[in-house]
$ cat entry.cif   # mmCIF, C-alpha atoms; chains and numbers go by the auth columns
data_coords
#
loop_
_atom_site.group_PDB
_atom_site.id
_atom_site.type_symbol
_atom_site.label_atom_id
_atom_site.label_comp_id
_atom_site.label_asym_id
_atom_site.label_seq_id
_atom_site.Cartn_x
_atom_site.Cartn_y
_atom_site.Cartn_z
_atom_site.B_iso_or_equiv
_atom_site.auth_seq_id
_atom_site.auth_asym_id
ATOM 1 C CA MET A 1 -25.054 30.490 49.964 0.00 1 C
ATOM 2 C CA SER A 2 -23.560 33.909 50.444 0.00 2 C
ATOM 3 C CA ARG A 3 -25.283 37.191 49.599 0.00 3 C
ATOM 4 C CA ILE A 4 -22.803 39.891 50.502 0.00 4 C
ATOM 5 C CA PHE A 5 -23.610 43.586 50.263 0.00 5 C
ATOM 6 C CA SER A 6 -20.709 46.029 49.994 0.00 6 C
ATOM 7 C CA THR A 7 -20.411 49.786 50.062 0.00 7 C
ATOM 8 C CA PRO A 8 -17.728 52.026 48.484 0.00 8 C
ATOM 9 C CA GLY A 9 -14.586 52.006 50.596 0.00 9 C
ATOM 10 C CA ASP A 10 -15.042 48.492 51.965 0.00 10 C
ATOM 11 C CA LYS A 11 -11.584 46.990 52.349 0.00 11 C
ATOM 12 C CA ASN A 12 -12.507 43.362 51.814 0.00 12 C
ATOM 13 C CA ILE A 13 -14.749 43.267 48.771 0.00 13 C
ATOM 14 C CA PRO A 14 -15.557 39.598 48.077 0.00 14 C
ATOM 15 C CA VAL A 15 -14.564 37.918 44.834 0.00 15 C
ATOM 16 C CA ILE A 16 -16.128 35.067 42.911 0.00 16 C
ATOM 17 C CA ASP A 17 -14.366 31.863 41.902 0.00 17 C
ATOM 18 C CA LYS A 18 -13.416 31.743 38.216 0.00 18 C
ATOM 19 C CA LYS A 19 -13.512 27.946 38.011 0.00 19 C
ATOM 20 C CA SER A 20 -17.007 27.866 39.482 0.00 20 C
ATOM 21 C CA VAL A 21 -18.160 30.426 36.924 0.00 21 C
ATOM 22 C CA ALA A 22 -16.631 28.423 34.063 0.00 22 C
ATOM 23 C CA ASN A 23 -18.225 25.230 35.348 0.00 23 C
ATOM 24 C CA PHE A 24 -21.604 26.972 35.547 0.00 24 C
ATOM 25 C CA PHE A 25 -21.528 27.875 31.861 0.00 25 C
ATOM 26 C CA GLU A 26 -20.401 24.450 30.697 0.00 26 C
ATOM 27 C CA LYS A 27 -23.377 22.991 32.558 0.00 27 C
ATOM 28 C CA ARG A 28 -25.618 25.547 30.848 0.00 28 C
ATOM 29 C CA ALA A 29 -24.295 24.340 27.504 0.00 29 C
ATOM 30 C CA ASN A 30 -25.187 20.780 28.466 0.00 30 C
ATOM 31 C CA LYS A 31 -28.782 21.894 29.062 0.00 31 C
ATOM 32 C CA ILE A 32 -29.320 23.232 25.528 0.00 32 C
ATOM 33 C CA PRO A 33 -30.921 19.969 24.259 0.00 33 C
ATOM 34 C CA THR A 34 -33.598 20.101 26.965 0.00 34 C
ATOM 35 C CA LEU A 35 -34.096 23.844 27.467 0.00 35 C
ATOM 36 C CA GLY A 36 -33.317 25.239 24.036 0.00 36 C
ATOM 37 C CA ALA A 37 -30.558 27.689 23.083 0.00 37 C
ATOM 38 C CA MET A 38 -32.325 30.844 24.239 0.00 38 C
ATOM 39 C CA GLN A 39 -33.626 29.629 27.582 0.00 39 C
ATOM 40 C CA ALA A 40 -30.280 28.026 28.439 0.00 40 C
ATOM 41 C CA VAL A 41 -28.585 31.436 28.523 0.00 41 C
ATOM 42 C CA ILE A 42 -31.392 33.486 30.073 0.00 42 C
ATOM 43 C CA TYR A 43 -31.539 31.218 33.148 0.00 43 C
ATOM 44 C CA GLN A 44 -35.288 30.895 33.496 0.00 44 C
ATOM 45 C CA ASP A 45 -35.323 27.109 33.411 0.00 45 C
ATOM 46 C CA LYS A 46 -38.814 26.806 34.882 0.00 46 C
ATOM 47 C CA ASN A 47 -40.353 29.880 33.282 0.00 47 C
ATOM 48 C CA PRO A 48 -39.986 29.782 29.487 0.00 48 C
ATOM 49 C CA THR A 49 -42.592 32.528 29.053 0.00 49 C
ATOM 50 C CA LEU A 50 -40.540 34.969 31.130 0.00 50 C
ATOM 51 C CA ALA A 51 -37.377 33.978 29.267 0.00 51 C
ATOM 52 C CA ALA A 52 -39.009 34.657 25.891 0.00 52 C
ATOM 53 C CA SER A 53 -40.475 37.968 27.083 0.00 53 C
ATOM 54 C CA ARG A 54 -37.123 39.168 28.410 0.00 54 C
ATOM 55 C CA ASN A 55 -35.372 38.151 25.208 0.00 55 C
ATOM 56 C CA ALA A 56 -37.847 40.046 23.040 0.00 56 C
ATOM 57 C CA ALA A 57 -37.964 43.165 25.244 0.00 57 C
ATOM 58 C CA GLU A 58 -34.175 43.357 25.488 0.00 58 C
ATOM 59 C CA LYS A 59 -33.681 43.184 21.735 0.00 59 C
ATOM 60 C CA ALA A 60 -36.484 45.650 21.022 0.00 60 C
ATOM 61 C CA LYS A 61 -34.792 48.160 23.319 0.00 61 C
ATOM 62 C CA LEU A 62 -31.137 47.604 22.518 0.00 62 C
ATOM 63 C CA LEU A 63 -30.931 46.704 18.832 0.00 63 C
ATOM 64 C CA PRO A 64 -31.809 50.233 17.596 0.00 64 C
ATOM 65 C CA LEU A 65 -29.073 51.678 19.827 0.00 65 C
ATOM 66 C CA LEU A 66 -26.433 49.964 17.692 0.00 66 C
ATOM 67 C CA GLN A 67 -27.459 52.011 14.635 0.00 67 C
ATOM 68 C CA LEU A 68 -26.644 49.246 12.174 0.00 68 C
ATOM 69 C CA ASN A 69 -27.135 49.736 8.440 0.00 69 C
ATOM 70 C CA GLY A 70 -25.460 46.649 7.028 0.00 70 C
ATOM 71 C CA SER A 71 -21.986 48.099 6.654 0.00 71 C
ATOM 72 C CA GLN A 72 -20.619 47.575 10.172 0.00 72 C
ATOM 73 C CA ARG A 73 -18.254 44.983 11.596 0.00 73 C
ATOM 74 C CA VAL A 74 -19.739 43.709 14.863 0.00 74 C
ATOM 75 C CA LEU A 75 -18.036 41.943 17.773 0.00 75 C
ATOM 76 C CA ASP A 76 -20.329 40.112 20.211 0.00 76 C
ATOM 77 C CA VAL A 77 -18.412 39.610 23.473 0.00 77 C
ATOM 78 C CA GLY A 78 -19.992 36.779 25.434 0.00 78 C
ATOM 79 C CA CYS A 79 -22.080 35.573 22.505 0.00 79 C
ATOM 80 C CA GLY A 80 -23.189 32.390 24.248 0.00 80 C
ATOM 81 C CA THR A 81 -25.385 30.281 21.978 0.00 81 C
ATOM 82 C CA GLY A 82 -25.536 33.047 19.395 0.00 82 C
ATOM 83 C CA ARG A 83 -28.741 34.461 20.883 0.00 83 C
ATOM 84 C CA TRP A 84 -28.100 37.863 19.297 0.00 84 C
ATOM 85 C CA ALA A 85 -26.510 36.599 16.090 0.00 85 C
ATOM 86 C CA SER A 86 -29.775 36.043 14.209 0.00 86 C
ATOM 87 C CA ASP A 87 -30.736 39.681 14.797 0.00 87 C
ATOM 88 C CA LEU A 88 -27.303 41.158 14.093 0.00 88 C
ATOM 89 C CA LEU A 89 -26.280 39.185 11.003 0.00 89 C
ATOM 90 C CA PRO A 90 -28.829 40.706 8.577 0.00 90 C
ATOM 91 C CA LEU A 91 -27.751 44.186 9.697 0.00 91 C
ATOM 92 C CA SER A 92 -23.983 43.627 9.683 0.00 92 C
ATOM 93 C CA ALA A 93 -21.267 43.284 7.090 0.00 93 C
ATOM 94 C CA TRP A 94 -19.334 40.973 9.430 0.00 94 C
ATOM 95 C CA TYR A 95 -20.183 39.399 12.769 0.00 95 C
ATOM 96 C CA HIS A 96 -17.743 37.746 15.176 0.00 96 C
ATOM 97 C CA GLY A 97 -19.047 36.117 18.345 0.00 97 C
ATOM 98 C CA ILE A 98 -16.710 35.135 21.162 0.00 98 C
ATOM 99 C CA ASP A 99 -17.331 33.312 24.414 0.00 99 C
ATOM 100 C CA ALA A 100 -15.187 31.653 27.059 0.00 100 C
ATOM 101 C CA CYS A 101 -17.447 28.588 27.162 0.00 101 C
ATOM 102 C CA GLU A 102 -16.471 26.059 24.512 0.00 102 C
ATOM 103 C CA GLY A 103 -19.810 24.234 24.732 0.00 103 C
ATOM 104 C CA LEU A 104 -21.806 27.380 23.981 0.00 104 C
ATOM 105 C CA VAL A 105 -19.509 28.345 21.098 0.00 105 C
ATOM 106 C CA ILE A 106 -19.820 24.883 19.550 0.00 106 C
ATOM 107 C CA HIS A 107 -23.602 25.219 19.528 0.00 107 C
ATOM 108 C CA ALA A 108 -23.472 28.702 17.972 0.00 108 C
ATOM 109 C CA ARG A 109 -20.951 27.595 15.358 0.00 109 C
ATOM 110 C CA GLU A 110 -23.089 24.621 14.349 0.00 110 C
ATOM 111 C CA LYS A 111 -26.242 26.749 14.185 0.00 111 C
ATOM 112 C CA PHE A 112 -24.658 29.295 11.850 0.00 112 C
ATOM 113 C CA THR A 113 -22.316 26.960 9.993 0.00 113 C
ATOM 114 C CA ASP A 114 -23.605 28.050 6.569 0.00 114 C
ATOM 115 C CA THR A 115 -23.462 31.780 7.315 0.00 115 C
ATOM 116 C CA ALA A 116 -20.743 33.426 5.237 0.00 116 C
ATOM 117 C CA ASN A 117 -20.398 36.656 7.225 0.00 117 C
ATOM 118 C CA ALA A 118 -20.044 35.135 10.700 0.00 118 C
ATOM 119 C CA ARG A 119 -17.392 33.506 12.844 0.00 119 C
ATOM 120 C CA PHE A 120 -17.466 32.128 16.376 0.00 120 C
ATOM 121 C CA THR A 121 -14.351 31.793 18.535 0.00 121 C
ATOM 122 C CA THR A 122 -13.722 30.454 22.016 0.00 122 C
ATOM 123 C CA ALA A 123 -12.066 33.383 23.800 0.00 123 C
ATOM 124 C CA ALA A 124 -12.418 34.922 27.249 0.00 124 C
ATOM 125 C CA ALA A 125 -13.874 38.411 27.576 0.00 125 C
ATOM 126 C CA ASP A 126 -10.787 39.558 29.475 0.00 126 C
ATOM 127 C CA ALA A 127 -8.161 37.931 27.255 0.00 127 C
ATOM 128 C CA PHE A 128 -8.886 38.622 23.606 0.00 128 C
ATOM 129 C CA SER A 129 -7.247 40.755 20.921 0.00 129 C
ATOM 130 C CA LEU A 130 -7.584 41.260 17.192 0.00 130 C
ATOM 131 C CA GLU A 131 -4.564 39.037 16.683 0.00 131 C
ATOM 132 C CA LEU A 132 -6.009 36.252 18.832 0.00 132 C
ATOM 133 C CA LEU A 133 -9.283 36.441 16.898 0.00 133 C
ATOM 134 C CA ASP A 134 -7.430 36.446 13.562 0.00 134 C
ATOM 135 C CA GLU A 135 -8.964 39.823 12.758 0.00 135 C
ATOM 136 C CA HIS A 136 -7.061 42.560 10.945 0.00 136 C
ATOM 137 C CA THR A 137 -9.516 45.452 11.083 0.00 137 C
ATOM 138 C CA LEU A 138 -11.005 47.243 14.076 0.00 138 C
ATOM 139 C CA PHE A 139 -14.688 46.726 14.792 0.00 139 C
ATOM 140 C CA ASP A 140 -17.421 49.337 14.303 0.00 140 C
ATOM 141 C CA ARG A 141 -19.664 47.960 17.038 0.00 141 C
ATOM 142 C CA ILE A 142 -19.109 45.877 20.163 0.00 142 C
ATOM 143 C CA LEU A 143 -21.977 44.242 22.043 0.00 143 C
ATOM 144 C CA CYS A 144 -21.419 42.875 25.552 0.00 144 C
ATOM 145 C CA ILE A 145 -24.548 41.454 27.161 0.00 145 C
ATOM 146 C CA GLY A 146 -24.531 40.226 30.769 0.00 146 C
ATOM 147 C CA VAL A 147 -20.831 39.363 30.873 0.00 147 C
ATOM 148 C CA LEU A 148 -19.137 41.788 33.272 0.00 148 C
ATOM 149 C CA MET A 149 -21.173 40.490 36.217 0.00 149 C
ATOM 150 C CA TYR A 150 -19.174 37.251 36.041 0.00 150 C
ATOM 151 C CA LEU A 151 -15.795 39.001 36.284 0.00 151 C
ATOM 152 C CA ASN A 152 -13.953 40.208 39.361 0.00 152 C
ATOM 153 C CA ASP A 153 -12.958 43.877 39.310 0.00 153 C
ATOM 154 C CA GLU A 154 -9.451 43.476 37.878 0.00 154 C
ATOM 155 C CA ASP A 155 -10.752 41.137 35.171 0.00 155 C
ATOM 156 C CA LEU A 156 -13.551 43.555 34.335 0.00 156 C
ATOM 157 C CA VAL A 157 -11.026 46.321 33.767 0.00 157 C
ATOM 158 C CA GLN A 158 -8.999 44.019 31.541 0.00 158 C
ATOM 159 C CA SER A 159 -12.127 43.087 29.589 0.00 159 C
ATOM 160 C CA THR A 160 -13.033 46.700 28.905 0.00 160 C
ATOM 161 C CA LEU A 161 -9.418 47.336 27.885 0.00 161 C
ATOM 162 C CA CYS A 162 -9.679 44.505 25.353 0.00 162 C
ATOM 163 C CA MET A 163 -12.835 46.104 23.963 0.00 163 C
ATOM 164 C CA ALA A 164 -11.230 49.544 23.878 0.00 164 C
ATOM 165 C CA LYS A 165 -8.370 48.197 21.775 0.00 165 C
ATOM 166 C CA ALA A 166 -10.750 46.472 19.354 0.00 166 C
ATOM 167 C CA ILE A 167 -13.075 49.394 18.490 0.00 167 C
ATOM 168 C CA ARG A 168 -12.433 52.034 15.840 0.00 168 C
ATOM 169 C CA LYS A 169 -12.763 55.789 16.278 0.00 169 C
ATOM 170 C CA GLY A 170 -16.455 56.661 16.108 0.00 170 C
ATOM 171 C CA GLY A 171 -17.388 53.089 16.998 0.00 171 C
ATOM 172 C CA LEU A 172 -20.016 52.198 19.590 0.00 172 C
ATOM 173 C CA ILE A 173 -19.787 49.839 22.582 0.00 173 C
ATOM 174 C CA LEU A 174 -23.107 48.680 24.055 0.00 174 C
ATOM 175 C CA LEU A 175 -23.057 47.104 27.510 0.00 175 C
ATOM 176 C CA ARG A 176 -26.043 45.516 29.244 0.00 176 C
ATOM 177 C CA GLU A 177 -25.659 44.525 32.885 0.00 177 C
ATOM 178 C CA PRO A 178 -27.818 43.798 35.927 0.00 178 C
ATOM 179 C CA LEU A 179 -26.738 46.443 38.438 0.00 179 C
ATOM 180 C CA GLY A 180 -27.120 46.712 42.189 0.00 180 C
ATOM 181 C CA VAL A 181 -29.888 49.179 43.049 0.00 181 C
ATOM 182 C CA ASP A 182 -28.398 50.671 46.209 0.00 182 C
ATOM 183 C CA GLN A 183 -25.348 48.544 47.020 0.00 183 C
ATOM 184 C CA ARG A 184 -22.930 46.176 45.391 0.00 184 C
ATOM 185 C CA LEU A 185 -24.223 42.620 45.790 0.00 185 C
ATOM 186 C CA THR A 186 -21.965 39.576 45.470 0.00 186 C
ATOM 187 C CA ILE A 187 -23.589 36.171 45.049 0.00 187 C
ATOM 188 C CA SER A 188 -21.105 33.500 46.037 0.00 188 C
ATOM 189 C CA GLU A 189 -21.701 29.760 45.620 0.00 189 C
ATOM 190 C CA HIS A 190 -25.472 30.192 45.664 0.00 190 C
ATOM 191 C CA TYR A 191 -27.463 27.075 44.833 0.00 191 C
ATOM 192 C CA SER A 192 -30.359 28.011 42.582 0.00 192 C
ATOM 193 C CA GLU A 193 -33.314 25.650 42.756 0.00 193 C
ATOM 194 C CA ASP A 194 -34.702 27.199 39.579 0.00 194 C
ATOM 195 C CA MET A 195 -31.576 26.217 37.631 0.00 195 C
ATOM 196 C CA ASP A 196 -30.419 23.313 39.819 0.00 196 C
ATOM 197 C CA GLN A 197 -26.933 24.803 39.710 0.00 197 C
ATOM 198 C CA THR A 198 -24.482 26.736 41.847 0.00 198 C
ATOM 199 C CA TYR A 199 -24.309 30.379 40.821 0.00 199 C
ATOM 200 C CA ASN A 200 -21.768 33.212 41.248 0.00 200 C
ATOM 201 C CA ALA A 201 -22.148 36.831 40.144 0.00 201 C
ATOM 202 C CA ILE A 202 -21.351 40.435 41.083 0.00 202 C
ATOM 203 C CA TYR A 203 -24.023 43.117 40.807 0.00 203 C
ATOM 204 C CA ARG A 204 -22.196 46.438 40.943 0.00 204 C
ATOM 205 C CA THR A 205 -23.865 49.798 41.293 0.00 205 C
ATOM 206 C CA ARG A 206 -23.918 51.996 38.219 0.00 206 C
ATOM 207 C CA GLU A 207 -21.331 54.298 39.797 0.00 207 C
ATOM 208 C CA GLU A 208 -18.980 51.406 40.600 0.00 208 C
ATOM 209 C CA LEU A 209 -19.279 50.020 37.101 0.00 209 C
ATOM 210 C CA LEU A 210 -18.487 53.369 35.513 0.00 210 C
ATOM 211 C CA VAL A 211 -15.435 53.878 37.741 0.00 211 C
ATOM 212 C CA LEU A 212 -14.038 50.516 36.619 0.00 212 C
ATOM 213 C CA ILE A 213 -14.881 51.132 32.957 0.00 213 C
ATOM 214 C CA ARG A 214 -13.151 54.513 33.041 0.00 214 C
ATOM 215 C CA GLN A 215 -9.865 52.863 34.006 0.00 215 C
ATOM 216 C CA ALA A 216 -9.732 51.385 30.495 0.00 216 C
ATOM 217 C CA MET A 217 -11.988 53.849 28.675 0.00 217 C
ATOM 218 C CA PRO A 218 -11.174 57.355 29.944 0.00 218 C
ATOM 219 C CA GLU A 219 -13.566 60.210 29.216 0.00 219 C
ATOM 220 C CA SER A 220 -10.971 61.763 26.920 0.00 220 C
ATOM 221 C CA ASP A 221 -11.296 58.786 24.566 0.00 221 C
ATOM 222 C CA PHE A 222 -14.771 57.382 25.211 0.00 222 C
ATOM 223 C CA SER A 223 -17.979 59.352 25.674 0.00 223 C
ATOM 224 C CA LEU A 224 -20.967 57.894 27.497 0.00 224 C
ATOM 225 C CA ILE A 225 -23.678 58.893 25.041 0.00 225 C
ATOM 226 C CA GLY A 226 -26.613 57.060 26.597 0.00 226 C
ATOM 227 C CA SER A 227 -27.839 54.834 29.401 0.00 227 C
ATOM 228 C CA GLY A 228 -31.101 53.599 30.826 0.00 228 C
ATOM 229 C CA ASP A 229 -33.296 50.735 31.942 0.00 229 C
ATOM 230 C CA VAL A 230 -33.678 47.710 29.709 0.00 230 C
ATOM 231 C CA TYR A 231 -37.218 46.756 30.680 0.00 231 C
ATOM 232 C CA ALA A 232 -40.102 49.215 30.590 0.00 232 C
ATOM 233 C CA ASP A 233 -42.323 46.513 32.097 0.00 233 C
ATOM 234 C CA SER A 234 -41.357 46.124 35.761 0.00 234 C
ATOM 235 C CA ALA A 235 -42.657 42.544 35.716 0.00 235 C
ATOM 236 C CA LEU A 236 -39.660 41.575 33.587 0.00 236 C
ATOM 237 C CA ASN A 237 -37.276 42.830 36.273 0.00 237 C
ATOM 238 C CA ASN A 238 -38.356 40.590 39.132 0.00 238 C
ATOM 239 C CA ARG A 239 -35.503 41.361 41.560 0.00 239 C
ATOM 240 C CA SER A 240 -35.795 44.119 44.134 0.00 240 C
ATOM 241 C CA ASP A 241 -32.039 44.574 44.676 0.00 241 C
ATOM 242 C CA THR A 242 -30.884 44.520 41.014 0.00 242 C
ATOM 243 C CA LYS A 243 -31.984 46.204 37.804 0.00 243 C
ATOM 244 C CA GLN A 244 -31.098 45.551 34.174 0.00 244 C
ATOM 245 C CA GLN A 245 -29.498 48.626 32.622 0.00 245 C
ATOM 246 C CA TRP A 246 -27.633 49.555 29.437 0.00 246 C
ATOM 247 C CA LEU A 247 -24.696 51.865 28.748 0.00 247 C
ATOM 248 C CA LEU A 248 -23.659 53.110 25.296 0.00 248 C
ATOM 249 C CA LEU A 249 -20.141 54.434 24.772 0.00 249 C
ATOM 250 C CA GLU A 250 -18.604 56.009 21.686 0.00 250 C
ATOM 251 C CA ARG A 251 -14.892 56.116 20.933 0.00 251 C
ATOM 252 C CA THR A 252 -14.258 59.805 20.237 0.00 252 C
#
$ encode --input "entry.cif" --output "structure tokens"
Amino acid sequence: MSRIFSTPGDKNIPVIDKKSVANFFEKRANKIPTLGAMQAVIYQDKNPTLAASRNAAEKAKLLPLLQLNGSQRVLDVGCGTGRWASDLLPLSAWYHGIDACEGLVIHAREKFTDTANARFTTAAADAFSLELLDEHTLFDRILCIGVLMYLNDEDLVQSTLCMAKAIRKGGLILLREPLGVDQRLTISEHYSEDMDQTYNAIYRTREELLVLIRQAMPESDFSLIGSGDVYADSALNNRSDTKQQWLLLERT
């Protein structure tokens, strides 16, 4: 296992292996029959109570930020099993969920197969476009929950560029990420006994994340209109070196 802390200006910032990340998510998809769709993507395999509490607290905090009234077109980047779809569909005119993991998308598609205003597509967060998604109209809202942590810096910039190109003027982009408290933390090939899987992720500081986002979403085009902690209850954020936070951007 490698836990590598980095500070701004470090010349050799570590990267995570894309194939290992992809393999991790396919294994998560294989665990849906035993863990359930929600727990499989919240990664609390041995603590279903914590998984359910985090799921509920996150949605209670973030859903109102999207300001949905039933008329918006919503893109869910990194939709996973469709964990957010049940909450977004009643409040949206159209919902499109995308994820790089085919196994997760298959589950979501089967779960919502009879839903007329939803579509699920296998597409990477850093390699999608309206054309690729067979969409012809820009989206009003984009939701991206816990995705950027699995991308290296250059891929993160590309992902935010994809989102920038897919959102209309006045549209909102809501990001939720676990961020490094004091330093950037890279987890490389860490074996998690809780999940019985090898894990890779990058926990950037808030400042680092914003610098990368601004490469694709400059302040002249996108305003940061809100940010904050996801969990009011500290017991739901059980890591001392990371903290779940949200950022809300508006295309101006």
$ residues_around --input "entry.cif" --residues "Arg83 of chain C" --least-positions-apart "5" --cutoff "10 Å" --atoms "all atoms listed in the file" --output "PyMOL selection string"
chain C and resi 37-39+41-42+55+88+108
$ residues_around --input "entry.cif" --residues "Arg214 of chain C" --least-positions-apart "3" --cutoff "12 Å" --atoms "all atoms listed in the file" --output "list in words"
Leu156, Val157, Gln158, Ser159, Thr160, Leu161, Ala164, Glu207, Glu208, Leu209, Leu210, Val211, Met217, Pro218, Glu219, Ser220, Asp221, Phe222, Ser223, Leu224 and Leu249 of chain C
$ atom_distance --input "entry.cif" --atom1 "atom CA of Phe120 of chain C" --atom2 "atom CA of Glu135 of chain C"
12.0 Å
$ closest_residue --input "entry.cif" --among "C:Thr81, C:Gln244, C:Asn23, C:Thr198" --to "Lys61 of chain C" --atoms "all atoms listed in the file"
C:Gln244
$ resolve_selection --input "entry.cif" --expression "the PyMOL selection byres ((chain C and resi 138-154) around 8)" --output "PyMOL selection string"
chain C and resi 15-16+18+21+66+72-79+125+130+135-137+155-158+163+166-168+170-178+200-204+212
$ closest_residue --input "entry.cif" --among "C:Gly36, C:Leu65, C:Gly82, C:Ile187" --to "Ala51 of chain C" --atoms "all atoms listed in the file"
C:Gly36
$ resolve_selection --input "entry.cif" --expression "the PyMOL selection byres ((chain C and resi 44) around 12)" --output "VMD selection string"
chain C and resid 28 31 35 to 43 45 to 55 192 to 196 236 238
$ residues_around --input "entry.cif" --residues "segment 115-117 of chain C" --least-positions-apart "4" --cutoff "10 Å" --atoms "only C-alpha atoms" --output "list of chain:residue names"
C:Arg73, C:Leu89, C:Pro90, C:Ser92, C:Ala93, C:Trp94, C:Tyr95, C:His96, C:Arg109, C:Lys111
$ atom_distance --input "entry.cif" --atom1 "atom CA of Lys243 of chain C" --atom2 "atom CA of Lys19 of chain C"
26.0 Å
$ closest_residue --input "entry.cif" --among "C:Ile225, C:Ala22, C:Ala235, C:Ile98" --to "Thr252 of chain C" --atoms "all atoms listed in the file"
C:Ile225
$ residues_near_point --input "entry.cif" --point "(-31.6, 48.2, 44.8)" --cutoff "6 Å" --atoms "only C-alpha atoms" --output "list in words"
Gly180, Val181, Asp182, Ser240, Asp241 and Thr242 of chain C
$ atom_distance --input "entry.cif" --atom1 "atom CA of Arg184 of chain C" --atom2 "atom CA of Asn237 of chain C"
17.3 Å
$ closest_residue --input "entry.cif" --among "C:Arg251, C:Glu189, C:Ala100, C:Ala232" --to "Asp17 of chain C" --atoms "only C-alpha atoms"
C:Glu189
$ resolve_selection --input "entry.cif" --expression "the PyMOL selection byres ((chain C and resi 102) around 10)" --output "PyMOL selection string"
chain C and resi 22+25-26+29+80+98-101+103-108+121-123
$ write_last_selection --input "entry.cif" --atoms "C-alpha atoms" --output "short mmCIF file (atom, residue, chain, number, x, y, z; two decimals), keeping the file's coordinate frame"
data_model
loop_
_atom_site.label_atom_id
_atom_site.label_comp_id
_atom_site.auth_asym_id
_atom_site.auth_seq_id
_atom_site.Cartn_x
_atom_site.Cartn_y
_atom_site.Cartn_z
CA ALA C 22 -16.63 28.42 34.06
CA PHE C 25 -21.53 27.88 31.86
CA GLU C 26 -20.40 24.45 30.70
CA ALA C 29 -24.30 24.34 27.50
CA GLY C 80 -23.19 32.39 24.25
CA ILE C 98 -16.71 35.14 21.16
CA ASP C 99 -17.33 33.31 24.41
CA ALA C 100 -15.19 31.65 27.06
CA CYS C 101 -17.45 28.59 27.16
CA GLY C 103 -19.81 24.23 24.73
CA LEU C 104 -21.81 27.38 23.98
CA VAL C 105 -19.51 28.34 21.10
CA ILE C 106 -19.82 24.88 19.55
CA HIS C 107 -23.60 25.22 19.53
CA ALA C 108 -23.47 28.70 17.97
CA THR C 121 -14.35 31.79 18.54
CA THR C 122 -13.72 30.45 22.02
CA ALA C 123 -12.07 33.38 23.80
#
$ axis_aligned_box --input "entry.cif" --around "segment 26-40 of chain C" --padding-each-side "5 Å" --output "AutoDock Vina command-line options"
--center_x -27.2 --center_y 25.4 --center_z 27.8 --size_x 23.7 --size_y 20.9 --size_z 19.5
$ closest_residue --input "entry.cif" --among "C:Gln245, C:Ser20, C:Ser234, C:Asn69" --to "Gln197 of chain C" --atoms "all atoms listed in the file"
C:Ser20
